[in-house]
Every structure is written in C-alpha cells, then in structure tokens.
file input.txt (compact mmCIF, C-alpha atoms)
# COMPACT_ATOMS: atom_id res chain seq x y z
CA MET A 1 -35.61 36.50 -15.40
CA GLU A 2 -35.77 33.74 -18.03
CA GLU A 3 -33.77 35.86 -20.47
CA LYS A 4 -31.08 36.43 -17.84
CA GLN A 5 -30.90 32.70 -17.07
CA THR A 6 -30.64 32.02 -20.80
CA GLN A 7 -27.47 34.12 -20.92
CA SER A 8 -25.77 31.98 -18.27
CA ARG A 9 -27.01 28.77 -19.91
CA ARG A 10 -25.48 29.83 -23.22
CA LEU A 11 -22.16 30.10 -21.44
CA PHE A 12 -22.61 26.98 -19.28
CA PRO A 13 -25.25 24.62 -20.75
CA ASP A 14 -24.60 21.99 -18.06
CA THR A 15 -24.80 22.17 -14.27
CA HIS A 16 -21.92 19.96 -13.09
CA TYR A 17 -18.40 20.26 -14.47
CA SER A 18 -14.94 19.10 -13.64
CA LEU A 19 -12.71 22.16 -13.35
CA GLU A 20 -11.01 21.37 -16.68
CA ASP A 21 -14.36 21.01 -18.50
CA TRP A 22 -15.62 24.25 -16.95
CA VAL A 23 -12.52 26.15 -18.14
CA VAL A 24 -12.99 24.75 -21.65
CA ALA A 25 -16.65 25.85 -21.66
CA LEU A 26 -15.63 29.29 -20.39
CA ARG A 27 -13.00 29.78 -23.07
CA ARG A 28 -15.38 28.93 -25.88
CA ALA A 29 -16.95 32.38 -25.35
CA PRO A 30 -14.16 34.51 -23.81
CA SER A 31 -15.78 37.89 -24.54
CA GLU A 32 -19.01 36.83 -22.79
CA ALA A 33 -17.08 35.25 -19.91
CA GLU A 34 -15.07 38.44 -19.47
CA GLN A 35 -18.29 40.39 -18.91
CA TYR A 36 -19.24 38.31 -15.87
CA CYS A 37 -17.44 39.96 -12.93
CA LEU A 38 -17.20 38.66 -9.38
CA GLU A 39 -19.39 40.31 -6.77
CA GLU A 40 -18.53 38.17 -3.76
CA VAL A 41 -16.85 34.88 -2.93
CA VAL A 42 -18.13 33.18 0.23
CA HIS A 43 -16.21 30.42 2.01
CA TYR A 44 -18.52 27.81 3.61
CA LYS A 45 -18.08 24.83 5.91
CA ALA A 46 -20.62 22.01 5.80
CA ARG A 47 -22.09 20.69 9.05
CA SER A 48 -21.65 17.07 7.98
CA ASP A 49 -19.19 14.74 9.73
CA MET A 50 -16.31 15.52 7.36
CA GLU A 51 -16.90 19.31 7.64
CA HIS A 52 -16.38 19.76 3.91
CA GLU A 53 -15.36 23.29 2.86
CA PHE A 54 -16.34 24.90 -0.44
CA LEU A 55 -16.77 28.27 -2.12
CA ILE A 56 -19.78 29.98 -3.64
CA VAL A 57 -18.89 32.61 -6.21
CA HIS A 58 -21.49 35.25 -7.06
CA ALA A 59 -21.00 36.99 -10.41
CA SER A 60 -23.03 39.21 -12.72
CA ASN A 61 -22.73 40.92 -16.10
CA PRO A 62 -23.73 44.47 -17.15
CA SER A 63 -27.16 43.33 -18.36
CA GLY A 64 -28.03 42.13 -14.84
CA SER A 65 -27.67 38.39 -15.45
CA LYS A 66 -26.48 36.71 -12.24
CA ILE A 67 -24.79 33.38 -11.77
CA ALA A 68 -23.60 31.42 -8.73
CA LEU A 69 -20.81 28.86 -8.87
CA GLY A 70 -20.04 26.19 -6.29
CA ILE A 71 -16.32 25.35 -6.29
CA ASP A 72 -14.73 22.57 -4.27
CA ARG A 73 -12.19 19.76 -4.13
CA ASN A 74 -12.79 16.08 -3.44
CA ALA A 75 -10.68 12.94 -3.49
CA GLU A 76 -12.79 11.60 -6.33
CA ALA A 77 -15.74 12.61 -8.46
CA SER A 78 -19.16 12.41 -6.84
CA SER A 79 -21.65 9.89 -8.23
CA THR A 80 -23.56 12.74 -9.89
CA SER A 81 -20.45 14.12 -11.54
CA ARG A 82 -19.30 10.68 -12.68
CA LYS A 83 -22.69 10.01 -14.24
CA LEU A 84 -22.69 13.33 -16.09
CA ALA A 85 -19.08 12.92 -17.20
CA SER A 86 -19.82 9.47 -18.62
CA CYS A 87 -22.46 10.98 -20.90
CA LYS A 88 -19.99 13.19 -22.75
CA SER A 89 -16.48 12.84 -24.02
CA SER A 90 -13.80 14.70 -22.09
CA PRO A 91 -12.06 17.50 -23.98
CA PRO A 92 -8.28 17.73 -23.89
CA PRO A 93 -6.87 19.55 -20.85
CA PRO A 94 -6.39 23.31 -21.21
CA ALA A 95 -3.10 24.26 -22.81
CA SER A 96 -1.97 26.18 -19.72
CA CYS A 97 -1.72 22.91 -17.81
CA LYS A 98 0.83 21.72 -20.34
CA SER A 99 3.10 24.75 -20.06
CA ALA A 100 6.37 24.50 -18.20
CA SER A 101 5.22 27.00 -15.61
CA PHE A 102 2.46 24.66 -14.52
CA LYS A 103 4.64 21.72 -13.56
CA SER A 104 3.28 20.12 -10.41
CA SER A 105 5.30 20.27 -7.23
CA PRO A 106 7.08 17.11 -6.02
CA SER A 107 5.15 17.25 -2.76
CA SER A 108 1.79 17.14 -4.52
CA ALA A 109 2.87 14.60 -7.10
CA SER A 110 4.03 12.14 -4.44
CA SER A 111 0.47 11.03 -3.78
CA CYS A 112 -1.15 8.61 -6.21
CA LYS A 113 -4.67 9.85 -5.50
CA PRO A 114 -5.67 12.60 -7.96
CA ALA A 115 -7.83 15.45 -6.73
CA TYR A 116 -11.21 16.09 -8.33
CA ASP A 117 -11.79 19.83 -8.49
CA ALA A 118 -15.34 20.63 -9.53
CA VAL A 119 -17.63 23.51 -10.45
CA GLN A 120 -21.40 23.49 -10.02
CA VAL A 121 -23.42 26.15 -11.84
CA SER A 122 -26.58 27.69 -10.38
CA HIS A 123 -28.11 29.44 -13.39
CA ASP A 124 -30.64 31.42 -11.34
CA GLY A 125 -27.87 32.94 -9.23
CA THR A 126 -29.07 31.47 -5.92
CA PRO A 127 -26.88 29.29 -3.67
CA GLU A 128 -29.58 26.80 -2.65
CA PRO A 129 -28.80 24.16 -5.34
CA ILE A 130 -25.14 24.28 -4.31
CA PHE A 131 -26.02 23.96 -0.63
CA SER A 132 -28.05 20.82 -1.30
CA GLN A 133 -25.14 19.28 -3.22
CA ASN A 134 -22.50 19.97 -0.55
CA GLU A 135 -24.49 19.76 2.70
CA ARG A 136 -25.57 16.17 3.41
CA SER A 137 -26.77 16.89 6.94
CA GLY A 138 -29.86 18.76 5.75
CA ARG A 139 -28.82 21.92 7.58
CA LEU A 140 -27.46 25.12 6.09
CA PRO A 141 -23.65 25.30 5.94
CA VAL A 142 -21.71 27.82 8.02
CA ALA A 143 -20.32 30.93 6.34
CA LEU A 144 -16.70 31.37 7.42
CA SER A 145 -15.63 34.44 5.47
CA ALA A 146 -16.39 36.47 2.36
CA ILE A 147 -14.17 38.13 -0.24
CA SER A 148 -15.47 41.34 -1.84
CA PHE A 149 -13.93 43.79 -4.32
CA ARG A 150 -14.42 47.34 -3.09
CA ASP A 151 -11.50 49.26 -4.59
CA PRO A 152 -13.06 51.72 -7.10
CA ALA A 153 -9.67 52.14 -8.77
CA ARG A 154 -9.56 48.46 -9.76
CA LEU A 155 -11.81 46.47 -12.03
CA ARG A 156 -13.55 43.53 -10.42
CA PRO A 157 -12.03 40.21 -11.54
CA SER A 158 -13.89 38.34 -14.26
CA LEU A 159 -14.72 34.66 -14.48
CA LEU A 160 -11.72 34.31 -16.81
CA ALA A 161 -9.44 35.72 -14.10
CA LEU A 162 -10.97 33.32 -11.58
CA SER A 163 -10.45 30.39 -13.96
CA ARG A 164 -6.73 31.20 -14.24
CA ILE A 165 -6.37 31.15 -10.45
CA LEU A 166 -8.29 27.88 -10.07
CA LEU A 167 -6.35 26.25 -12.89
CA THR A 168 -3.05 27.34 -11.36
CA ILE A 169 -3.93 25.71 -8.04
CA HIS A 170 -5.24 22.60 -9.79
CA CYS A 171 -2.13 22.17 -11.94
CA GLN A 172 0.38 23.02 -9.21
CA PHE A 173 -1.28 20.74 -6.63
CA PRO A 174 -3.04 18.01 -8.66
CA SER A 175 -3.07 15.31 -5.97
CA TYR A 176 -5.41 14.94 -3.02
CA ALA A 177 -3.50 14.65 0.27
CA LEU A 178 -5.74 14.22 3.31
CA PHE A 179 -3.73 16.42 5.67
CA LYS A 180 -2.25 18.86 3.14
CA TYR A 181 -4.04 19.36 -0.19
CA GLN A 182 -7.70 18.69 0.52
CA CYS A 183 -10.89 20.79 0.26
CA TYR A 184 -9.67 23.10 3.04
CA PHE A 185 -6.50 23.93 1.13
CA PHE A 186 -8.30 24.44 -2.19
CA ALA A 187 -10.94 26.79 -0.79
CA ARG A 188 -8.57 28.80 1.38
CA GLY A 189 -5.88 28.93 -1.31
CA THR A 190 -8.37 30.39 -3.78
CA CYS A 191 -9.46 33.05 -1.29
CA LEU A 192 -5.87 34.06 -0.55
CA ALA A 193 -5.08 34.27 -4.27
CA LEU A 194 -8.07 36.58 -4.82
CA ILE A 195 -6.72 38.78 -2.01
CA ASP A 196 -3.13 38.72 -3.27
CA LEU A 197 -3.84 39.14 -6.99
CA CYS A 198 -7.24 40.82 -7.37
CA GLY A 199 -7.42 43.25 -4.48
CA GLY A 200 -10.04 41.22 -2.64
CA VAL A 201 -11.04 42.37 0.84
CA GLU A 202 -11.82 39.62 3.36
CA THR A 203 -14.59 39.85 5.94
CA VAL A 204 -14.27 37.12 8.57
CA HIS A 205 -17.58 35.92 10.02
CA PRO A 206 -17.99 34.85 13.67
CA GLU A 207 -17.45 31.20 12.69
CA GLY A 208 -14.28 32.09 10.78
CA ARG A 209 -12.13 30.50 13.46
CA ARG A 210 -13.31 27.13 12.13
CA THR A 211 -11.58 27.65 8.77
CA GLU A 212 -9.32 24.70 7.91
CA THR A 213 -10.32 22.78 11.03
CA TRP A 214 -11.80 19.36 11.67
CA CYS A 215 -13.52 18.63 15.00
CA GLY A 216 -12.37 22.06 16.16
CA VAL A 217 -8.68 21.25 15.61
CA PRO A 218 -6.67 22.99 12.86
CA VAL A 219 -5.85 20.55 10.10
CA SER A 220 -2.19 21.60 10.38
CA TYR A 221 -2.16 20.00 13.85
CA TRP A 222 -3.58 16.75 12.43
CA SER A 223 -0.88 16.87 9.75
CA THR A 224 1.84 17.41 12.33
CA ALA A 225 0.51 14.57 14.49
CA SER A 226 0.46 12.22 11.49
CA ASP A 227 4.06 13.01 10.54
CA ALA A 228 5.21 12.84 14.17
CA LEU A 229 3.84 9.36 14.88
CA PRO A 230 7.21 7.60 14.34
CA TYR A 231 8.72 9.83 17.05
CA ILE A 232 5.77 9.59 19.45
CA MET A 233 5.20 5.81 19.31
CA PRO A 234 8.40 4.94 21.23
CA LEU A 235 6.91 6.76 24.23
CA PHE A 236 4.30 4.00 24.50
CA ILE A 237 6.87 1.21 24.41
CA PRO A 238 8.43 0.15 27.75
CA VAL A 239 12.05 1.28 27.78
CA TYR A 240 14.86 1.46 30.26
CA PRO A 241 13.70 4.23 32.73
CA PRO A 242 16.70 6.56 32.20
CA LEU A 243 15.81 6.70 28.47
CA ILE A 244 12.26 7.99 29.05
CA ILE A 245 13.25 11.64 29.47
CA PRO A 246 15.59 11.90 26.44
CA THR A 247 13.08 9.99 24.31
CA GLY A 248 10.30 12.38 25.34
CA LEU A 249 12.45 15.46 24.73
CA HIS A 250 13.41 14.14 21.30
CA ALA A 251 9.71 13.61 20.45
CA VAL A 252 8.82 17.16 21.58
CA TYR A 253 11.71 18.59 19.52
CA LYS A 254 10.51 16.73 16.42
CA VAL A 255 6.86 17.76 16.88
CA VAL A 256 7.78 21.45 17.24
CA GLY A 257 10.05 21.23 14.21
CA LEU A 258 7.38 19.53 12.09
CA HIS A 259 4.75 22.10 13.04
CA LYS A 260 7.09 24.92 12.06
CA LYS A 261 7.82 23.12 8.80
CA HIS A 262 4.10 22.85 8.00
CA ALA A 263 3.62 26.58 8.65
CA GLU A 264 6.50 27.35 6.31
CA ARG A 265 5.04 25.04 3.65
CA LYS A 266 1.69 26.86 3.78
CA ALA A 267 3.42 30.22 3.30
CA MET A 268 5.46 28.82 0.39
CA ASP A 269 2.34 27.32 -1.24
CA ARG A 270 0.62 30.72 -1.08
CA LEU A 271 3.65 32.43 -2.62
CA LYS A 272 3.93 29.74 -5.28
CA ILE A 273 0.31 30.25 -6.39
CA LYS A 274 0.78 34.01 -6.53
CA LEU A 275 4.05 33.91 -8.48
CA THR A 276 2.82 31.27 -10.93
CA CYS A 277 -0.32 33.31 -11.70
CA LEU A 278 1.79 36.43 -12.25
CA GLN A 279 4.28 34.51 -14.39
CA ASN A 280 1.57 33.13 -16.65
CA ASP A 281 -0.16 36.49 -16.89
CA ILE A 282 3.10 38.13 -18.02
CA ALA A 283 3.75 35.32 -20.50
CA LYS A 284 0.25 35.74 -21.91
CA ARG A 285 0.74 39.49 -22.38
CA LEU A 286 4.15 39.03 -24.04
CA THR A 287 2.67 36.47 -26.43
CA PHE A 288 -0.19 38.82 -27.23
CA ASP A 289 2.15 41.79 -27.80
CA SER A 290 4.40 39.79 -30.09
call {"tool": "encode", "arguments": {"input": "input.txt", "output": "structure tokens"}}
result
Amino acid sequence: MEEKQTQSRRLFPDTHYSLEDWVVALRRAPSEAEQYCLEEVVHYKARSDMEHEFLIVHASNPSGSKIALGIDRNAEASSTSRKLASCKSSPPPPASCKSASFKSSPSSASSCKPAYDAVQVSHDGTPEPIFSQNERSGRLPVALSAISFRDPARLRPSLLALSRILLTIHCQFPSYALFKYQCYFFARGTCLALIDLCGGVETVHPEGRRTETWCGVPVSYWSTASDALPYIMPLFIPVYPPLIIPTGLHAVYKVVGLHKKHAERKAMDRLKIKLTCLQNDIAKRLTFDS
C-alpha cells in the first residue's frame, strides 16, 4: 500500500493545487500520468447551505496504484489553498491557455471575478479527505450521477486527457458568474465533455434530479429571474389600470424568451467545449506529425 501511495506522491507531491498548478505537475511526468486511467467520475452535491457541487475522479495505473481527485470551482481560493499557494511560487500558465483556440468567450470575460478551479489529491485513493474539504455540514454529500467507461473497444481516458478537458473549460470560461459559470456549470460541463469526447456512460442516481439546482430550483430559473427583474419590477409599481394587462403580458413574453435564451446558451457552451477540445487535439497531432 505504501509503495502504491508513493507512486501517486511522486506525480503529485502536494495535496491542494490550483488547476493550472496541477496541470503543470501532471505534465512534468507525462508518461507516468498517461498510465493513470479513469475508472469512474462521480458528481456530488454538498448538503451545506450553498449546495456546492464537485467531482471525485477515481483513477488507477497498471501496477494497481489508485488515486482520487476532488475537482471543483469556487469564486475564490479557499483559505487552505491560499495558504499553500503562498508557500510556493506560481509557475507560468500552461501554454495551451495562451493559444488562439483558448480565447475566453465575451460572456465569461464580462465578469471581473475570476474563477478558482482547484484539484485536491487523495493519495490513498479514498474520497473521505475530499468529502471533509467540500462538506461543511458534517454529513456525507449526495451522489448525483457517475460517469464510467465501459466500451471495450475504447481505451479509458487518462489523467492527461482529463487535464485537457478541464483546462479547456477553465480557459474558455475563466470568470465566476453566480447564475451561469459557477460550481454547477464546471462539474456538469466536465461530465458532459467526458460523455461527448471519451465515450463515458452516465448513471443517474435517485438524487440526480438535484443536479444544478439550489433550494430545489434549477439554477437556470434563478438566472432567468435575475435577468428578468427589469421587466417584472414594473408590475409592483402602481400604474394606470388599463396598462396592467399589457405590462404583465410583456413581462411574461420577456421571461419566456430569456429562459429559452439560457437553454440555448447551455447547449452552445457544451458544443463549444467539445469543439475546442477536438480542435486542440487535432492541432497537437498535426504539430507532432510535422
């Protein structure tokens, strides 16, 4: 057991990483990182007030060494992560973030609050250390769904493949937006990319209906309500009675239109992640072949 943990510690000597630092550590030993293949990716929701969502990635290599990774997004670094980051100098961002294909979208760049995407390493392969970091209520988080890789005709994705997906999402959507690009988006977007690009098969657990919800309401509804406030507020202001009906109809029309727009944005974000990953993979192969 100690020997197997030593293998993962050689690859990741620390426990807490920003996503960029984790990718740098991974790429220092690409051949070893390529040997760690994903077994399962589980999407969890914390029972705390904010209902934080995160992923736990289970991976192993041919020698039997197992590793578990906690992956999530926050508006800012946690106190633990800030303390660890202050003890070491930050390496330059991975080159792929600088490429033209990783330009951030205008919608994500409009916010001034950068997202902090993080990776926590459990060297013994168990999820308990990650649970304690993400679940402040003292109770076990709820498993929403799981992604597995069952197709015998396809190789299971490696940690390097996972890093390319995570880095794509991070670079395309670098800002934290409460109703759009928060922990829900990051966790769900990663799961969908593993399905679209790596042949992942999703198993939805009984609590899966709570994915991307807060207080039982889909976050897309909260987003729509936030954007629709300018059209709804006039309904609470006394107006000339004959104007009440047209004002209400106009508000309903705007709310329906905004909700449709948010659904379209989610579909476009999913397609954007998929196409960007494919584009960079092709560019990498062409560079290698040349």
call {"tool": "residues_around", "arguments": {"input": "input.txt", "residues": "Gly200 in chain A", "least_positions_apart": "4", "cutoff": "8 Å", "atoms": "only C-alpha atoms", "output": "PyMOL selection string"}}
result
chain A and resi 147-150+194-196
call {"tool": "residues_near_point", "arguments": {"input": "input.txt", "point": "(-22.1, 32.5, 8.2)", "cutoff": "12 Å", "atoms": "all atoms listed in the file", "output": "list in words"}}
result
Val42, His43, Tyr44, Lys45, Ala46, Arg47, Leu140, Pro141, Val142, Ala143, Leu144, Ser145, Ala146, Thr203, Val204, His205, Pro206, Glu207, Gly208, Arg209, Arg210 and Thr211 of chain A
call {"tool": "residues_around", "arguments": {"input": "input.txt", "residues": "Asp151 in chain A", "least_positions_apart": "6", "cutoff": "10 Å", "atoms": "all atoms listed in the file", "output": "list of chain:residue names"}}
result
A:Cys198, A:Gly199, A:Gly200, A:Val201
call {"tool": "closest_residue", "arguments": {"input": "input.txt", "among": "A:Tyr181, A:Cys215, A:Pro13, A:Ala75", "to": "Met50 in chain A", "atoms": "all atoms listed in the file"}}
result
A:Cys215
call {"tool": "closest_residue", "arguments": {"input": "input.txt", "among": "A:Asp21, A:Glu264, A:Val219, A:Arg164", "to": "Thr276 in chain A", "atoms": "all atoms listed in the file"}}
result
A:Arg164
call {"tool": "closest_atom_pairs", "arguments": {"input": "input.txt", "of": "range 18-71 of chain A", "to": "range 166-172 of chain A", "cutoff": "10 Å", "atoms": "all atoms listed in the file", "output": "Markdown table"}}
result
| residue | atom | partner | partner_atom | distance |
| --- | --- | --- | --- | --- |
| A:Leu19 | CA | A:Leu167 | CA | 7.6 |
| A:Glu20 | CA | A:Leu167 | CA | 7.7 |
| A:Val23 | CA | A:Leu167 | CA | 8.1 |
| A:Ile71 | CA | A:Leu166 | CA | 9.2 |
call {"tool": "residues_around", "arguments": {"input": "input.txt", "residues": "Gln120 in chain A", "least_positions_apart": "3", "cutoff": "6 Å", "atoms": "all atoms listed in the file", "output": "count of residues only"}}
result
4
call {"tool": "atom_distance", "arguments": {"input": "input.txt", "atom1": "CA of Ser60 in chain A", "atom2": "CA of Ser163 in chain A"}}
result
15.4 Å
call {"tool": "atom_distance", "arguments": {"input": "input.txt", "atom1": "CA of Leu178 in chain A", "atom2": "CA of Leu192 in chain A"}}
result
20.2 Å
call {"tool": "residues_near_point", "arguments": {"input": "input.txt", "point": "(-17.1, 25.6, -3.5)", "cutoff": "12 Å", "atoms": "all atoms listed in the file", "output": "count of residues only"}}
result
46
call {"tool": "closest_residue", "arguments": {"input": "input.txt", "among": "A:Thr126, A:Trp214, A:Pro174, A:Lys261", "to": "Glu51 in chain A", "atoms": "all atoms listed in the file"}}
result
A:Trp214
call {"tool": "residues_around", "arguments": {"input": "input.txt", "residues": "Ser158 in chain A", "least_positions_apart": "5", "cutoff": "9 Å", "atoms": "only C-alpha atoms", "output": "list of chain:residue names"}}
result
A:Ala33, A:Glu34, A:Gln35, A:Tyr36, A:Cys37, A:Leu38, A:Ala59, A:Ser163
call {"tool": "axis_aligned_box", "arguments": {"input": "input.txt", "around": "range 10-16 of chain A", "padding_each_side": "3 Å", "output": "AutoDock Vina command-line options"}}
result
--center_x -23.7 --center_y 25.0 --center_z -18.2 --size_x 9.6 --size_y 16.1 --size_z 16.1
call {"tool": "atom_distance", "arguments": {"input": "input.txt", "atom1": "CA of Ile165 in chain A", "atom2": "CA of Asp269 in chain A"}}
result
13.2 Å
call {"tool": "closest_residue", "arguments": {"input": "input.txt", "among": "A:Ile67, A:Ala193, A:Val217, A:Leu160", "to": "Ser31 in chain A", "atoms": "all atoms listed in the file"}}
result
A:Leu160
call {"tool": "closest_residue", "arguments": {"input": "input.txt", "among": "A:Pro114, A:Leu197, A:Tyr176, A:Ser48", "to": "Ser132 in chain A", "atoms": "all atoms listed in the file"}}
result
A:Ser48
call {"tool": "decode", "arguments": {"input": "input.txt", "residues": "range 37-48 of chain A", "atoms": "all heavy atoms", "output": "tab-separated table (two decimals), in the first residue's frame"}}
result
chain	number	residue	atom	x	y	z
A	37	CYS	N	-5.41	5.81	-15.62
A	37	CYS	CA	-6.64	5.89	-16.41
A	37	CYS	C	-7.85	6.02	-15.49
A	37	CYS	O	-7.86	5.49	-14.38
A	37	CYS	CB	-6.78	4.66	-17.30
A	37	CYS	SG	-5.52	4.56	-18.60
A	38	LEU	N	-8.87	6.72	-15.98
A	38	LEU	CA	-10.05	6.97	-15.17
A	38	LEU	C	-10.88	5.69	-15.03
A	38	LEU	O	-11.10	4.97	-16.00
A	38	LEU	CB	-10.92	8.06	-15.81
A	38	LEU	CG	-10.26	9.39	-16.17
A	38	LEU	CD1	-11.33	10.42	-16.50
A	38	LEU	CD2	-9.35	9.89	-15.08
A	39	GLU	N	-11.32	5.43	-13.82
A	39	GLU	CA	-12.24	4.33	-13.55
A	39	GLU	C	-13.67	4.83	-13.47
A	39	GLU	O	-14.58	4.25	-14.05
A	39	GLU	CB	-11.86	3.63	-12.24
A	39	GLU	CG	-10.50	2.94	-12.28
A	39	GLU	CD	-10.17	2.26	-10.96
A	39	GLU	OE1	-10.81	2.59	-9.94
A	39	GLU	OE2	-9.27	1.41	-10.96
A	40	GLU	N	-13.85	5.92	-12.74
A	40	GLU	CA	-15.19	6.48	-12.53
A	40	GLU	C	-15.07	7.93	-12.11
A	40	GLU	O	-14.13	8.32	-11.43
A	40	GLU	CB	-15.93	5.67	-11.46
A	40	GLU	CG	-17.39	6.06	-11.29
A	40	GLU	CD	-18.09	5.22	-10.23
A	40	GLU	OE1	-17.50	5.06	-9.13
A	40	GLU	OE2	-19.21	4.74	-10.49
A	41	VAL	N	-16.03	8.72	-12.55
A	41	VAL	CA	-16.13	10.12	-12.14
A	41	VAL	C	-17.50	10.31	-11.51
A	41	VAL	O	-18.53	10.11	-12.18
A	41	VAL	CB	-15.93	11.07	-13.33
A	41	VAL	CG1	-16.08	12.53	-12.89
A	41	VAL	CG2	-14.58	10.85	-14.00
A	42	VAL	N	-17.53	10.68	-10.24
A	42	VAL	CA	-18.80	10.81	-9.51
A	42	VAL	C	-19.08	12.29	-9.24
A	42	VAL	O	-18.21	13.03	-8.77
A	42	VAL	CB	-18.76	10.03	-8.18
A	42	VAL	CG1	-20.14	10.07	-7.52
A	42	VAL	CG2	-18.32	8.59	-8.41
A	43	HIS	N	-20.29	12.70	-9.55
A	43	HIS	CA	-20.75	14.08	-9.36
A	43	HIS	C	-21.50	14.15	-8.04
A	43	HIS	O	-22.48	13.43	-7.84
A	43	HIS	CB	-21.67	14.45	-10.53
A	43	HIS	CG	-22.08	15.87	-10.55
A	43	HIS	ND1	-22.76	16.44	-11.62
A	43	HIS	CD2	-21.95	16.88	-9.65
A	43	HIS	CE1	-23.01	17.71	-11.37
A	43	HIS	NE2	-22.54	18.00	-10.17
A	44	TYR	N	-21.02	15.01	-7.12
A	44	TYR	CA	-21.60	15.12	-5.78
A	44	TYR	C	-22.19	16.51	-5.54
A	44	TYR	O	-21.74	17.50	-6.12
A	44	TYR	CB	-20.54	14.87	-4.70
A	44	TYR	CG	-20.13	13.42	-4.54
A	44	TYR	CD1	-19.00	12.92	-5.18
A	44	TYR	CD2	-20.86	12.55	-3.72
A	44	TYR	CE1	-18.61	11.59	-5.02
A	44	TYR	CE2	-20.48	11.23	-3.55
A	44	TYR	CZ	-19.35	10.76	-4.20
A	44	TYR	OH	-18.97	9.44	-4.04
A	45	LYS	N	-23.19	16.55	-4.66
A	45	LYS	CA	-23.72	17.81	-4.15
A	45	LYS	C	-23.60	17.82	-2.64
A	45	LYS	O	-24.04	16.87	-1.97
A	45	LYS	CB	-25.20	17.99	-4.55
A	45	LYS	CG	-25.82	19.29	-4.00
A	45	LYS	CD	-27.30	19.38	-4.31
A	45	LYS	CE	-27.56	19.83	-5.72
A	45	LYS	NZ	-27.21	21.25	-5.97
A	46	ALA	N	-22.99	18.89	-2.11
A	46	ALA	CA	-22.86	19.01	-0.66
A	46	ALA	C	-24.21	19.34	-0.03
A	46	ALA	O	-25.11	19.88	-0.68
A	46	ALA	CB	-21.84	20.09	-0.31
A	47	ARG	N	-24.35	18.99	1.25
A	47	ARG	CA	-25.60	19.26	1.97
A	47	ARG	C	-25.55	20.61	2.68
A	47	ARG	O	-26.49	20.95	3.40
A	47	ARG	CB	-25.86	18.16	3.00
A	47	ARG	CG	-26.07	16.77	2.38
A	47	ARG	CD	-26.24	15.74	3.48
A	47	ARG	NE	-26.31	14.38	2.96
A	47	ARG	CZ	-27.44	13.74	2.65
A	47	ARG	NH1	-28.60	14.35	2.81
A	47	ARG	NH2	-27.41	12.51	2.19
A	48	SER	N	-24.50	21.36	2.50
A	48	SER	CA	-24.38	22.67	3.14
A	48	SER	C	-25.36	23.66	2.50
A	48	SER	O	-26.00	23.36	1.48
A	48	SER	CB	-22.95	23.20	3.00
A	48	SER	OG	-22.56	23.22	1.64
